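Report on one structure; see the data block that follows.
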Amino acid sequence: MFKNIFIISLLFVCVNTVSGETLSDITISSPIFTNSINESKYPLHILQNDEIKTNKSLGDNLKGLPGITNADYGIAVGQPVIRGLTGSRTKILSNTVGVNDLSGLSADHMINVDLNNISHIEVLRGPSSIFVEGGTSGGIVNVISDILNEKKYDDEVVKYDRSYTSVNKGYANNFLIKRNLFNTNVFFSINNKHLDIYDIPDGALFEDGVEKGRLANSDHKNQNINLGLSFPREWGYFGIAFEDNNAIYGIPFHAEEEGHEEEEEEHRIFSETRTETYTFKGKINTLPFFNYIDYSYRDSNSFLREHEEEGSATLTSNSNALSVKFNFDEGSTEQSVLLKYNNVKSPMSVSAYIPSSESYDRSISYFTRHQINSYEVDFAGRYESNSRDSSEQRYGDTSVSFATSLSSMIGNSLSYNVGYAHVSRSPNIAELFAIGSHGPTQRYERGNNKLTREVSRNIELALQYNINDIDVDLNMYRNSINDFIYLRDLSTSTGGKVDANWDQQDAVMQGYELSISKSYQLRDGSLLMKITRDDISGVFDNNTYIPRITPAKNVLSLKYENKHDETYHASLMYTDFQKDIAANETKTKSYIDIDLAYSKKIRFDSKRDLNIKVYGDNVLNKTIRNHSSFVKDNVPMPGANFGIDVSLSYKF
């Protein structure tokens, strides 16, 4: 029934000839590309600040975008998955510098990125991300804030936010100050949130035949402190930032039956994390042999302790990452060379499922773009030398990755881009060296030091078409992956936990992403209507399915903005039934997720304003399970949630 409604809606958007004026483009400078966002020919999506909900995880915020899903572990942990590719295949960046926390090692580890006070999130899908820093086979998610800025702040502000959510009786506070003092940008923010265990829809979960109304151990508390100083000058800029993230969150998969308070308290299962990060960034544009040099250095220390029934395990990560980019642009030709170095020391406790390890990643990349008549040709190449060492085992490899694309216009309305990418990925320390019980995923994991590097060969065709102010974007891809690394569940168990071995096998992943949008001028405002659909399949060469591949989803989004500083937003997402499953997996039912929001800005004068936002998530109170999650059967997402966010700001 819903599929028919969706198809009719698609036809409505395509054939509707109501005259409308296009919404004015939002100007955003992307750190990823030298050209503007609207000119990008790669499958890039921008999530604006006003679309981001800080009570949600990064993956939960992005799951409605084409080609993106959420590998969740309740409300605290949500890792974005791009085109079915998880873990280190989807790389998380903060201000174009890699985030080196523990989230890449396991599905139950949260991403230590503060979503408060950011300007936007950039998502680049597929191996075309090799054209930018940190590119991988899946893609990159780049969280952008103004903590370090090469230009003088033009929006100096002090702001306070307070929010409340009903589904978990949660609240959050956020304070921000951005000011330029003595030609120095000063950025300081502190925020905290306290989310209790959350309500789940009726019939979503039963334990011992008793229906559950709330998900025990699904709580989440955290606090973030951020300080940045940047010095914009004629010769470039230099900046230093400090970020401190602390969190405690429950492990809901271990939750005992509700109603037994003493027993639940005794079996309280949770993780605590802390990450301290120092970042140095800068740019020099007065050198004789280069247009400019961009550089960054990040020192990050991450700590995680998992408190389980049988005790606790400690995982630690101490990382140092250096990046230097040389720009040689000349005329219509763009050229750059990128050097990267990353060292991660991971001293684990004896009870951890991963032994103490150390890894090194070194690479040199070259990028060029040429305009040849009406064609634009891009090429990127990267040479890598990587190693992974534990006290008893060692892994090392070298590899070459490259990508190329050709783009042009056909007439005045149709543009196309065809690309090919050959991208290698070295296995991480969990895939190689894991040996032990991992409570949060309820598995006894065994690594495999015989693993070889994974090689992705992707061909992609992107089409962009405009007719009668209707924008149509279509991306089709086929990704053949040699020696795809995955966690294979076995039919045996050890110590009550499912045996799971890291293994590899050739695989093919293919799919498409379709987006159709149109804007209308209505009375005193503008309405943007957008419909998207994405679909992916993942199959091994023995005709079995890759585990946890997300089903197809359809999204209808409406956004209305008027001259009274009001914004109305409605989103309807229908996710298909997933029956293409691997061994030991279960099918995932389809669901409808409807989100609504209204915001109003009240301007007291030219310096002071008040922003009020009210919203509802999953307003139909439907059971939602993300198929890409390890624990979808035991950890449904929250039920209907209604919230309010109030923000008071003063502009200097």
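Ordering of the structure tokens sets the chain letters (A, B, ...); residue numbers start at 1 within each chain; ligands are numbered from 1 in the order shown.
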Do a neighbour search on Lys518 in chain A at 7 Å with only C-alpha atoms, toss out local chain neighbours closer than 5 positions, and write the hits as a PyMOL selection string. chain A and resi 469-471+528-530
If you count only C-alpha atoms, which residues fall within 8 Å of Leu215 in chain A, apart from same-chain ones fewer than 5 positions away, as number ranges by chain? A: 197-200, 252, 255, 635
Would you please give, as a ChimeraX atom specification, all residues of range 91-294 of chain A that DSSP assigns to strand (DSSP E or B) based on the backbone? /A:91-94,97-98,118-125,139-145,157-165,170-181,184-195,199,206-207,210-211,214,220-233,236-250,270-284,292-294
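For the residues A:Gly436, A:Gly643, A:Pro427, A:Pro638, ranking by smallest atom-to-atom distance to Tyr598 in chain A using only C-alpha atoms places A:Gly643 first.
Residues in contact with Glu384 in chain A at up to 12 Å, not including ones fewer than 5 positions away on its chain and judged by only C-alpha atoms, are A:Gly134, A:Leu338, A:Leu339, A:Lys340, A:Tyr341, A:Asn342, A:Tyr360, A:Asp361, A:Arg362, A:Ser363, A:Ile364, A:Ser365, A:Gly396, A:Asp397, A:Thr398, A:Ser399, A:Val400, A:Ser401, A:Phe402, A:Val423, A:Ser424, A:Arg425, A:Ser426, A:Arg453.
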Select, from A:Met476, A:Ala204, A:Ile459, A:Ile225, the residue with the minimum atom-to-atom distance to Lys622 in chain A, counting only C-alpha atoms. A:Ala204
Fewer than 5 positions away in the same chain doesn't count, so skip those; otherwise give me all residues within 10 Å of range 46-54 of chain A, counting only C-alpha atoms, as an NGL selection string. :A and (26 or 28 or 30 or 37-38 or 60-62 or 65 or 114-124 or 141-145 or 163 or 172 or 193 or 567 or 569 or 597 or 599 or 613 or 645)
